[in-house]
>>> print(open('target.txt').read())   # compact mmCIF, C-alpha atoms
# COMPACT_ATOMS: atom_id res chain seq x y z
CA MET A 1 35.04 -44.68 -82.16
CA THR A 2 32.35 -46.98 -83.38
CA ALA A 3 28.83 -46.98 -82.05
CA ARG A 4 29.27 -50.51 -80.70
CA ARG A 5 32.30 -49.58 -78.59
CA SER A 6 30.53 -46.51 -77.23
CA ARG A 7 27.58 -48.59 -76.08
CA SER A 8 29.90 -51.03 -74.30
CA ARG A 9 31.53 -48.23 -72.28
CA SER A 10 28.17 -46.77 -71.33
CA ALA A 11 27.02 -50.17 -70.07
CA ALA A 12 30.24 -50.55 -68.03
CA TYR A 13 29.83 -47.10 -66.44
CA ALA A 14 26.23 -47.86 -65.56
CA ALA A 15 27.21 -51.15 -63.90
CA LEU A 16 29.96 -49.38 -61.90
CA ALA A 17 27.53 -46.65 -60.73
CA LEU A 18 24.98 -49.25 -59.69
CA GLY A 19 27.62 -51.13 -57.66
CA LEU A 20 28.73 -47.96 -55.88
CA ALA A 21 25.14 -47.05 -55.02
CA GLY A 22 24.54 -50.51 -53.54
CA SER A 23 27.73 -50.29 -51.46
CA LEU A 24 26.75 -46.88 -50.05
CA ALA A 25 23.25 -48.13 -49.19
CA LEU A 26 24.68 -51.13 -47.35
CA THR A 27 27.11 -48.91 -45.40
CA GLY A 28 24.21 -46.64 -44.38
CA CYS A 29 22.17 -49.60 -43.14
CA ASN A 30 25.07 -50.93 -41.09
CA SER A 31 25.68 -47.50 -39.56
CA HIS A 32 21.99 -47.11 -38.65
CA SER A 33 21.91 -50.61 -37.11
CA SER A 34 25.06 -49.83 -35.10
CA LYS A 35 23.49 -46.63 -33.74
CA LYS A 36 20.32 -48.47 -32.81
CA SER A 37 22.37 -51.18 -31.10
CA LYS A 38 24.36 -48.61 -29.13
CA LYS A 39 21.17 -46.77 -28.13
CA SER A 40 19.53 -50.02 -27.04
CA SER A 41 22.62 -50.99 -25.06
CA PHE A 42 22.70 -47.56 -23.33
CA SER A 43 19.00 -47.78 -22.46
CA SER A 44 19.45 -51.25 -20.99
CA SER A 45 22.46 -50.11 -18.97
CA SER A 46 20.56 -47.04 -17.67
CA SER A 47 17.62 -49.19 -16.68
CA LYS A 48 19.85 -51.61 -14.76
CA THR A 49 21.62 -48.71 -13.00
CA SER A 50 18.24 -47.18 -12.05
CA LYS A 51 16.97 -50.51 -10.67
CA THR A 52 20.20 -51.04 -8.70
CA SER A 53 19.94 -47.52 -7.26
CA LYS A 54 16.28 -48.07 -6.24
CA THR A 55 17.15 -51.42 -4.62
CA SER A 56 20.04 -49.81 -2.74
CA LYS A 57 17.78 -46.99 -1.48
CA THR A 58 15.12 -49.48 -0.39
CA LYS A 59 17.69 -51.54 1.54
CA LYS A 60 19.05 -48.36 3.11
CA ARG A 61 15.57 -47.32 4.21
CA ARG A 62 14.99 -50.77 5.72
CA ILE A 63 18.26 -50.62 7.62
CA ILE A 64 17.55 -47.12 8.91
CA GLY A 65 14.02 -48.14 9.87
CA GLY A 66 15.33 -51.17 11.74
CA SER A 67 17.84 -49.02 13.61
CA ALA A 68 15.09 -46.59 14.61
CA ALA A 69 12.95 -49.45 15.91
CA ALA A 70 15.87 -50.82 17.90
CA GLY A 71 16.56 -47.36 19.30
CA GLY A 72 12.90 -47.02 20.31
CA ALA A 73 13.00 -50.36 22.12
CA ALA A 74 16.19 -49.35 23.92
CA GLY A 75 14.58 -46.03 24.89
CA THR A 76 11.55 -47.84 26.28
CA ALA A 77 13.77 -50.19 28.27
CA SER A 78 15.76 -47.28 29.68
CA ARG A 79 12.52 -45.58 30.80
CA ARG A 80 11.37 -48.51 32.96
CA VAL A 81 10.92 -47.48 36.59
CA SER A 82 12.19 -49.93 39.20
CA ASP A 83 10.63 -50.55 42.63
CA CYS A 84 11.76 -48.50 45.62
CA TYR A 85 13.38 -50.38 48.48
CA PRO A 86 13.67 -49.49 52.17
CA SER A 87 16.75 -49.06 54.29
CA THR A 88 17.44 -47.76 57.79
CA TYR A 89 18.46 -44.36 56.42
CA LYS A 90 15.88 -44.05 53.64
CA VAL A 91 12.83 -44.43 55.92
CA THR A 92 12.50 -42.03 58.84
CA PHE A 93 9.82 -41.46 61.49
CA SER A 94 8.74 -38.35 63.36
CA GLN A 95 6.06 -37.79 66.02
CA GLN A 96 3.76 -34.77 65.80
CA THR A 97 1.86 -33.77 68.94
CA GLY A 98 -1.30 -31.76 69.54
CA PRO A 99 -4.99 -32.23 68.65
CA LYS A 100 -3.99 -33.70 65.27
CA SER A 101 -1.21 -35.88 66.60
CA HIS A 102 0.30 -38.37 64.15
CA VAL A 103 3.46 -40.19 63.20
CA ALA A 104 4.89 -39.16 59.83
CA VAL A 105 6.69 -41.85 57.79
CA LYS A 106 9.07 -40.36 55.21
CA PHE A 107 10.83 -42.25 52.45
CA LYS A 108 13.75 -40.72 50.57
CA ASN A 109 14.78 -41.94 47.12
CA SER A 110 18.53 -41.43 47.47
CA THR A 111 19.28 -42.80 43.99
CA SER A 112 19.69 -40.89 40.74
CA ARG A 113 16.72 -42.72 39.14
CA ASP A 114 12.98 -42.64 39.69
CA CYS A 115 11.39 -45.52 41.59
CA LYS A 116 7.83 -46.57 42.35
CA LEU A 117 5.90 -47.34 45.52
CA TYR A 118 2.67 -49.33 45.84
CA ASN A 119 -0.17 -48.90 48.32
CA ALA A 120 1.23 -48.40 51.85
CA PRO A 121 4.26 -49.33 53.94
CA LEU A 122 3.94 -52.54 55.97
CA LEU A 123 4.95 -51.65 59.53
CA ARG A 124 5.41 -54.13 62.40
CA PHE A 125 6.11 -52.32 65.65
CA ASN A 126 7.99 -54.20 68.39
CA ASN A 127 8.22 -57.36 66.24
CA ALA A 128 4.44 -57.70 65.97
CA LYS A 129 3.22 -60.70 63.98
CA ALA A 130 0.81 -58.64 61.88
CA PRO A 131 1.57 -55.29 60.28
CA LEU A 132 -0.30 -52.13 61.18
CA PRO A 133 -3.70 -52.15 59.41
CA LEU A 134 -4.22 -49.95 56.36
CA LEU A 135 -6.38 -46.88 56.71
CA GLN A 136 -7.28 -46.88 53.01
CA GLY A 137 -8.63 -50.29 52.04
CA THR A 138 -7.66 -53.57 53.64
CA PRO A 139 -4.92 -56.12 52.83
CA GLY A 140 -7.50 -58.01 50.74
CA HIS A 141 -9.02 -54.94 49.11
CA LEU A 142 -6.36 -52.44 48.07
CA ASP A 143 -7.15 -49.27 46.20
CA GLY A 144 -4.19 -49.69 43.86
CA THR A 145 -2.20 -46.62 44.86
CA ARG A 146 1.02 -46.34 42.89
CA ILE A 147 3.31 -43.32 42.94
CA THR A 148 6.60 -42.56 41.25
CA VAL A 149 9.22 -41.04 43.51
CA PRO A 150 11.64 -38.88 41.51
CA ALA A 151 15.39 -39.16 41.93
CA HIS A 152 16.35 -37.68 45.31
CA GLY A 153 12.64 -37.07 45.98
CA TYR A 154 10.34 -38.06 48.85
CA ALA A 155 7.13 -39.94 49.64
CA TYR A 156 5.05 -39.85 52.82
CA ALA A 157 2.59 -41.90 54.85
CA VAL A 158 0.86 -40.97 58.10
CA ILE A 159 -0.23 -42.90 61.22
CA PRO A 160 -2.95 -40.91 63.08
CA THR A 161 -2.41 -40.91 66.87
CA ASN A 162 -5.00 -38.26 67.81
CA THR A 163 -6.79 -40.44 70.40
CA ALA A 164 -5.45 -42.13 73.51
CA ALA A 165 -6.01 -45.61 72.05
CA ALA A 166 -4.38 -44.67 68.74
CA LYS A 167 -1.38 -43.12 70.48
CA GLY A 168 -0.86 -46.10 72.77
CA THR A 169 2.62 -46.55 74.18
CA GLU A 170 6.16 -45.77 73.09
CA GLN A 171 7.63 -48.28 70.66
CA LYS A 172 11.18 -49.66 70.65
CA SER A 173 11.53 -50.58 66.97
CA VAL A 174 9.70 -51.06 63.69
CA THR A 175 10.21 -53.55 60.87
CA ILE A 176 9.45 -52.20 57.39
CA ASP A 177 8.41 -53.97 54.19
CA PHE A 178 7.37 -52.26 50.96
CA MET A 179 4.19 -53.64 49.45
CA GLY A 180 3.94 -54.84 45.88
CA ILE A 181 1.11 -54.32 43.44
CA SER A 182 -1.01 -57.09 44.99
CA ALA A 183 -2.18 -57.58 48.56
CA SER A 184 0.17 -60.50 49.22
CA SER A 185 3.28 -59.31 47.38
CA VAL A 186 6.25 -57.50 48.86
CA THR A 187 8.83 -55.76 46.67
CA HIS A 188 11.68 -55.25 49.11
CA GLY A 189 12.42 -55.65 52.79
CA PRO A 190 12.31 -56.14 55.62
CA VAL A 191 14.56 -53.69 57.41
CA THR A 192 14.38 -52.79 61.10
CA VAL A 193 14.71 -49.30 62.54
CA ASN A 194 15.75 -49.17 66.20
CA PHE A 195 14.16 -46.07 67.76
CA ALA A 196 16.41 -46.13 70.82
CA GLU A 197 19.56 -46.06 68.69
CA LYS A 198 18.20 -43.09 66.74
CA ARG A 199 16.97 -41.43 69.95
CA LEU A 200 13.41 -41.29 68.66
CA HIS A 201 10.26 -41.34 70.80
CA ILE A 202 7.52 -42.87 68.69
CA SER A 203 4.18 -43.82 70.28
CA VAL A 204 1.71 -45.91 68.30
CA GLY A 205 -1.28 -47.88 69.58
CA LYS A 206 -4.46 -49.09 67.86
CA SER A 207 -4.07 -47.00 64.75
CA LYS A 208 -3.76 -47.43 61.00
CA VAL A 209 -1.37 -46.19 58.31
CA THR A 210 -2.31 -44.27 55.16
CA ASN A 211 -1.17 -45.07 51.65
CA TRP A 212 1.93 -43.41 50.25
CA SER A 213 1.53 -39.84 49.06
CA SER A 214 3.81 -37.54 47.09
CA SER A 215 3.43 -34.84 49.77
CA LEU A 216 3.22 -34.76 53.55
CA HIS A 217 0.13 -32.57 53.35
CA GLY A 218 -1.58 -35.13 51.11
CA ALA A 219 -0.81 -37.93 53.57
CA GLN A 220 -2.07 -35.83 56.49
CA LEU A 221 -5.33 -35.14 54.70
CA ALA A 222 -5.75 -38.85 53.96
CA GLY A 223 -5.19 -39.59 57.66
CA GLY A 224 -7.68 -36.96 58.80
CA VAL A 225 -5.01 -34.92 60.58
CA GLY A 226 -4.37 -32.27 57.95
CA ASN A 227 -5.41 -28.63 57.87
>>> encode(input="target.txt", output="structure tokens")
Amino acid sequence: MTARRSRSRSAAYAALALGLAGSLALTGCNSHSSKKSKKSSFSSSSSKTSKTSKTSKTKKRRIIGGSAAAGGAAGTASRRVSDCYPSTYKVTFSQQTGPKSHVAVKFKNSTSRDCKLYNAPLLRFNNAKAPLPLLQGTPGHLDGTRITVPAHGYAYAVIPTNTAAAKGTEQKSVTIDFMGISASSVTHGPVTVNFAEKRLHISVGKSKVTNWSSSLHGAQLAGGVGN
């Protein structure tokens, strides 16, 4: 083999090796770019999933919060206490004799819900034009008494009759209104109780009636006839 032919083969081998090296380098670059692309795509997908999850949680919290607020409003509405109203069997009268004579007025809340009473009962004996005066305050200057009568509970007011003028004469009937929060307002009524039909002997003269009280003893003390 001549020297010239040997040099030609060496040059050919060198060219082939250089081509192979270039091809391998290009393959490596493409592989690295593909990995980077996949990694970038995965990161983008994870970020979107995370944002979607956060948005979903936020919306869920808002919905739950709104439901709680609605539940609170419903609870408040259900806790509202309505006004009490009189009837011929819910309001009863009894006469107490002796040095501290008085007429006890008893109201029974026969419902399964609480109700509220304001100030004092308005009582017109024998169809009187004006109700019995109030012992605590006057129709124009009320003291703002308000009591809640529990379900199946009671409230009381007292009419002192411990003097001859206050005891007066026996009454035939009484018409009852329940006062409202103001001096001129009435929540419910009127109803009329016939004492003769109920076989009651109630004597009332120039007297006054106390405000409602949660106990008979409290009403008696307010009327000055308690122990």
>>> closest_atom_pairs(input="target.txt", of="stretch 156-217 of chain A", to="stretch 133-137 of chain A", cutoff="7 Å", atoms="all atoms listed in the file", output="CSV")
residue,atom,partner,partner_atom,distance
A:Lys208,CA,A:Pro133,CA,5.0
A:Val209,CA,A:Leu134,CA,5.1
A:Thr210,CA,A:Leu135,CA,5.1
A:Asn211,CA,A:Gln136,CA,6.5
>>> closest_residue(input="target.txt", among="A:Val174, A:Arg80, A:Ser215, A:Thr163", to="A:Lys129", atoms="only C-alpha atoms")
A:Val174
>>> atom_distance(input="target.txt", atom1="atom CA of A:Thr169", atom2="atom CA of A:Leu142")
28.2 Å
>>> residues_around(input="target.txt", residues="A:Phe107", least_positions_apart="6", cutoff="9 Å", atoms="all atoms listed in the file", output="PDB file with C-alpha atoms, in the coordinates of the input")
ATOM      1  CA  PRO A  86      13.670 -49.490  52.170  1.00  0.00           C
ATOM      2  CA  TYR A  89      18.460 -44.360  56.420  1.00  0.00           C
ATOM      3  CA  LYS A  90      15.880 -44.050  53.640  1.00  0.00           C
ATOM      4  CA  VAL A  91      12.830 -44.430  55.920  1.00  0.00           C
ATOM      5  CA  THR A  92      12.500 -42.030  58.840  1.00  0.00           C
ATOM      6  CA  GLY A 153      12.640 -37.070  45.980  1.00  0.00           C
ATOM      7  CA  TYR A 154      10.340 -38.060  48.850  1.00  0.00           C
ATOM      8  CA  ALA A 155       7.130 -39.940  49.640  1.00  0.00           C
ATOM      9  CA  TYR A 156       5.050 -39.850  52.820  1.00  0.00           C
ATOM     10  CA  ALA A 157       2.590 -41.900  54.850  1.00  0.00           C
TER      11      ALA A 157
END
>>> atom_distance(input="target.txt", atom1="atom CA of A:Val191", atom2="atom CA of A:Asn109")
15.6 Å
>>> closest_residue(input="target.txt", among="A:Pro190, A:Gly205, A:Pro150, A:Pro160", to="A:Thr88", atoms="all atoms listed in the file")
A:Pro190
>>> atom_distance(input="target.txt", atom1="atom CA of A:Gly226", atom2="atom CA of A:Lys100")
7.5 Å
>>> residues_around(input="target.txt", residues="A:Val149", least_positions_apart="6", cutoff="8 Å", atoms="only C-alpha atoms", output="list in words")
Asn109, Asp114, Cys115, Lys116, Leu117, Ala155 and Ser214 of chain A
>>> closest_residue(input="target.txt", among="A:Val158, A:Ala130, A:Ala164, A:Val103", to="A:Ala222", atoms="all atoms listed in the file")
A:Val158
>>> closest_residue(input="target.txt", among="A:Ser87, A:Asn227, A:Asn126, A:Ser213", to="A:Phe195", atoms="all atoms listed in the file")
A:Asn126
>>> residues_near_point(input="target.txt", point="(3.8, -52.4, 59.0)", cutoff="6 Å", atoms="only C-alpha atoms", output="PyMOL selection string")
chain A and resi 121-124+131-132+176
>>> closest_residue(input="target.txt", among="A:Val204, A:Ala151, A:Leu216, A:Val225", to="A:Lys106", atoms="only C-alpha atoms")
A:Leu216
